[in-house]
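Have a look at entry34.csv below; it lists CSV, C-alpha atoms.
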```
chain,number,residue,atom,x,y,z
A,602,GLY,CA,-0.2,-31.5,-8.4
A,603,GLN,CA,2.6,-32.5,-10.7
A,604,LYS,CA,1.2,-30.6,-13.6
A,605,ASP,CA,1.3,-27.4,-11.6
A,606,GLU,CA,4.9,-28.1,-10.5
A,607,VAL,CA,6.0,-28.5,-14.2
A,608,LEU,CA,4.2,-25.4,-15.3
A,609,TRP,CA,5.6,-23.3,-12.4
A,610,SER,CA,9.1,-24.7,-13.2
A,611,LEU,CA,8.8,-23.5,-16.8
A,612,LEU,CA,7.4,-20.1,-15.8
A,613,ARG,CA,10.1,-19.7,-13.1
A,614,ASP,CA,12.8,-20.4,-15.7
A,615,GLN,CA,11.3,-17.8,-18.0
A,616,ILE,CA,11.2,-15.2,-15.2
A,617,LEU,CA,14.9,-15.8,-14.4
A,618,LYS,CA,15.8,-15.2,-18.1
A,619,ASP,CA,13.8,-12.0,-18.4
A,620,LYS,CA,16.1,-9.0,-17.8
A,621,LYS,CA,13.3,-6.4,-18.3
A,622,ILE,CA,10.6,-7.6,-16.1
A,623,PRO,CA,8.4,-4.7,-15.0
A,624,LEU,CA,8.2,-3.6,-11.4
A,625,THR,CA,4.5,-4.5,-11.1
A,626,ASN,CA,5.3,-8.0,-12.2
A,627,CYS,CA,8.1,-8.3,-9.6
A,628,LEU,CA,5.5,-7.5,-7.0
A,629,ASP,CA,3.1,-10.0,-8.4
A,630,ILE,CA,5.8,-12.7,-8.3
A,631,LEU,CA,6.7,-11.8,-4.7
A,632,GLU,CA,3.0,-12.1,-3.8
A,633,PHE,CA,2.7,-15.5,-5.5
A,634,LEU,CA,5.9,-17.1,-4.2
A,635,PRO,CA,4.5,-18.3,-0.9
A,636,GLN,CA,1.8,-20.3,-2.6
A,637,ALA,CA,3.8,-21.4,-5.7
A,638,PRO,CA,3.9,-25.2,-6.3
A,639,ARG,CA,7.2,-26.7,-5.5
A,640,LYS,CA,8.9,-30.1,-5.3
A,641,GLU,CA,9.9,-31.4,-1.9
A,642,GLY,CA,12.8,-29.4,-0.5
A,643,GLN,CA,12.8,-26.9,-3.4
A,644,SER,CA,13.4,-23.4,-2.3
A,645,GLU,CA,12.4,-20.2,-4.1
A,646,SER,CA,15.3,-18.2,-2.5
A,647,GLN,CA,17.1,-17.9,-5.9
A,648,LEU,CA,14.0,-16.3,-7.5
A,649,ARG,CA,13.3,-14.1,-4.5
A,650,SER,CA,16.9,-12.9,-4.6
A,651,TRP,CA,16.8,-12.3,-8.3
A,652,ILE,CA,13.5,-10.3,-8.0
A,653,SER,CA,15.0,-8.3,-5.1
A,654,LYS,CA,18.1,-7.4,-7.1
A,655,ARG,CA,16.0,-6.5,-10.1
A,656,MET,CA,13.8,-4.2,-8.0
A,657,GLU,CA,16.8,-2.6,-6.3
A,658,LEU,CA,18.4,-1.9,-9.7
A,659,MET,CA,15.3,-0.3,-11.1
A,660,LEU,CA,14.8,1.9,-8.0
A,661,SER,CA,18.4,3.0,-7.7
A,662,LYS,CA,19.4,3.6,-11.3
A,663,GLY,CA,17.0,6.6,-11.8
A,664,GLN,CA,14.6,4.4,-13.8
A,665,ALA,CA,11.9,4.6,-11.2
A,666,LEU,CA,9.1,7.2,-11.4
A,667,PRO,CA,6.8,8.6,-8.7
A,668,GLN,CA,4.1,6.2,-9.8
A,669,ASP,CA,6.5,3.3,-9.1
A,670,LEU,CA,6.8,4.5,-5.5
A,671,ALA,CA,3.0,4.8,-5.3
A,672,ILE,CA,2.6,1.2,-6.6
A,673,ILE,CA,5.1,-0.2,-4.2
A,674,THR,CA,3.6,1.8,-1.3
A,675,ARG,CA,0.3,0.1,-1.8
A,676,ARG,CA,2.0,-3.4,-1.6
A,677,LEU,CA,4.7,-2.5,0.9
A,678,GLU,CA,4.3,-5.7,2.9
A,679,LEU,CA,5.7,-7.6,0.0
A,680,VAL,CA,9.1,-5.8,0.0
A,681,ALA,CA,9.3,-5.3,3.8
A,682,PRO,CA,11.7,-8.3,4.2
A,683,LEU,CA,14.0,-7.1,1.4
A,684,LYS,CA,16.3,-4.7,3.1
A,685,LYS,CA,18.2,-3.4,0.0
A,686,VAL,CA,14.9,-2.8,-1.8
A,687,CYS,CA,13.6,-0.8,1.2
A,688,GLN,CA,16.8,1.3,1.2
A,689,ALA,CA,16.5,1.9,-2.5
A,690,LEU,CA,12.9,3.0,-2.0
A,691,MET,CA,13.9,5.3,0.8
A,692,ASN,CA,16.6,6.8,-1.4
A,693,MET,CA,14.2,7.3,-4.2
A,694,ALA,CA,11.7,9.0,-1.9
A,695,ILE,CA,14.5,11.3,-0.7
A,696,ASN,CA,15.3,12.3,-4.2
A,697,LEU,CA,11.7,13.1,-5.2
A,698,ARG,CA,10.7,16.7,-5.1
A,699,GLN,CA,8.4,17.3,-2.2
A,700,ASP,CA,6.7,20.2,-3.8
A,701,LEU,CA,5.7,18.1,-6.9
A,702,TYR,CA,4.8,14.8,-5.2
A,703,PRO,CA,3.5,15.5,-1.7
A,704,ALA,CA,0.7,13.0,-1.7
A,705,VAL,CA,3.0,10.1,-3.0
A,706,LEU,CA,5.6,10.9,-0.4
A,707,TRP,CA,3.1,11.4,2.4
A,708,ARG,CA,1.5,8.0,1.7
A,709,PHE,CA,4.9,6.3,1.4
A,710,PHE,CA,6.1,7.6,4.8
A,711,VAL,CA,2.8,6.8,6.5
A,712,ARG,CA,2.8,3.2,5.2
A,713,THR,CA,6.5,2.9,6.1
A,714,GLY,CA,5.7,3.8,9.6
A,715,GLU,CA,2.7,1.5,9.8
A,716,ALA,CA,4.8,-1.4,8.5
A,717,GLY,CA,7.6,-0.6,11.0
A,718,LEU,CA,10.2,-0.5,8.2
A,719,ALA,CA,12.1,2.5,9.6
A,720,GLU,CA,13.0,0.6,12.7
A,721,GLN,CA,13.3,-2.8,11.1
A,722,ASN,CA,15.8,-1.7,8.4
A,723,GLN,CA,17.6,1.1,10.4
A,724,LEU,CA,16.3,3.7,8.1
A,725,MET,CA,15.5,6.4,10.7
A,726,SER,CA,18.5,8.5,9.6
A,727,LYS,CA,16.9,8.7,6.1
A,728,PHE,CA,13.7,10.0,7.6
A,729,HIS,CA,15.6,12.9,9.1
A,730,ARG,CA,17.1,13.8,5.8
A,731,ILE,CA,13.7,14.4,4.3
A,732,GLY,CA,12.6,16.7,7.0
```
So, in terms of structure tokens, how does the structure I just supplied come out?
Amino acid sequence: GQKDEVLWSLLRDQILKDKKIPLTNCLDILEFLPQAPRKEGQSESQLRSWISKRMELMLSKGQALPQDLAIITRRLELVAPLKKVCQALMNMAINLRQDLYPAVLWRFFVRTGEAGLAEQNQLMSKFHRIG
């Protein structure tokens, strides 16, 4: 009801102010957004965009670790619509050492194929770079 809308509004504002939100929390927010209480006509596109940019930044600035790729791989359907996040994920996977993280990379590419992300986001050229 109205109480939920007020509480979500406060939480949403806090999320938008937080510049250091962890990757797992970003995924949690993306999962929650479709069921978030909202007022008539209110869109969560601003928050979705902010989360997308935050994740892209974390993945592309060398801050991401192999376990981050593993965490996102388990919840890949949440980031599938976010093209720039998918590209950052693919670039991160390309830069991981295959000899040190074969299981993480294997699972990522299997899930990417299952989700149809390679075709959906024109990422096939990146698959060939990994070999």
Residue nearest A:Leu660 - candidates A:Gln699, A:Thr674, A:Asn692, A:Gln615, atoms counted: all atoms listed in the file:
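The shortest atom-to-atom distance to A:Leu660 comes from A:Asn692.
Distance-wise, atom CA of A:Pro703 and atom CA of A:Gly717 end up 20.9 Å apart.
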Residues within 12 Å of (1.3, -2.2, -5.1), counting all atoms listed in the file, listed as a list in words
Leu624, Thr625, Asn626, Cys627, Leu628, Asp629, Ile630, Leu631, Glu632, Gln668, Asp669, Leu670, Ala671, Ile672, Ile673, Thr674, Arg675, Arg676, Leu677, Glu678, Leu679, Val680, Phe709 and Arg712 of chain A
Nearest to A:Arg708, restricted to all atoms listed in the file and choosing among A:Ile652, A:Arg639, A:Leu683, A:Pro667, comes out as A:Pro667
I'd like the interatomic distance between atom CA of A:Pro682 and atom CA of A:Ala694, to a tenth of an Å.
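If I compute the distance from atom CA of A:Pro682 to atom CA of A:Ala694, I get 18.3 Å.
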May I ask which of the residues A:Asp605, A:Asp614, A:Glu715, A:Asp619 is the closest one to A:Glu645, counting only C-alpha atoms?
A:Asp614
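With distances restricted to only C-alpha atoms, A:Met659 is the closest residue to A:Lys621 from A:Met693, A:Met659, A:Ser650, A:Asp700.
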Between atom CA of A:Lys685 and atom CA of A:Glu657, measure the distance and give it in Å to one decimal.
6.5 Å
Using all atoms listed in the file - which residues lie no farther than 12 Å from the point (14.9, -17.5, -7.7) in the file's frame? Write them as a list in words.
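Counting all atoms listed in the file, I find these residues within 12 Å of (14.9, -17.5, -7.7): Trp609, Ser610, Leu612, Arg613, Asp614, Gln615, Ile616, Leu617, Lys618, Cys627, Ile630, Leu631, Leu634, Ala637, Gln643, Ser644, Glu645, Ser646, Gln647, Leu648, Arg649, Ser650, Trp651, Ile652, Ser653, Lys654 and Arg655 of chain A.
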Looking at only C-alpha atoms, which of A:Lys684, A:Phe633, A:Pro638, A:Leu706 is the one that sits closest to A:Met656?
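When distances to A:Met656 are compared using only C-alpha atoms, the smallest one comes from A:Lys684.
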Pick out the closest residue to A:Gln636 from this set: A:Leu718, A:Glu606, A:Leu611, A:Phe710. Count only C-alpha atoms.
A:Glu606
With 4 Å on each side, where is the centre of the axis-aligned box around all listed atoms of stretch 667-681 of chain A, and how long are its edges in Å to one decimal, as lines of an AutoDock Vina configuration file?
```
center_x = 4.8
center_y = 0.5
center_z = -3.0
size_x = 17.0
size_y = 24.2
size_z = 21.6
```
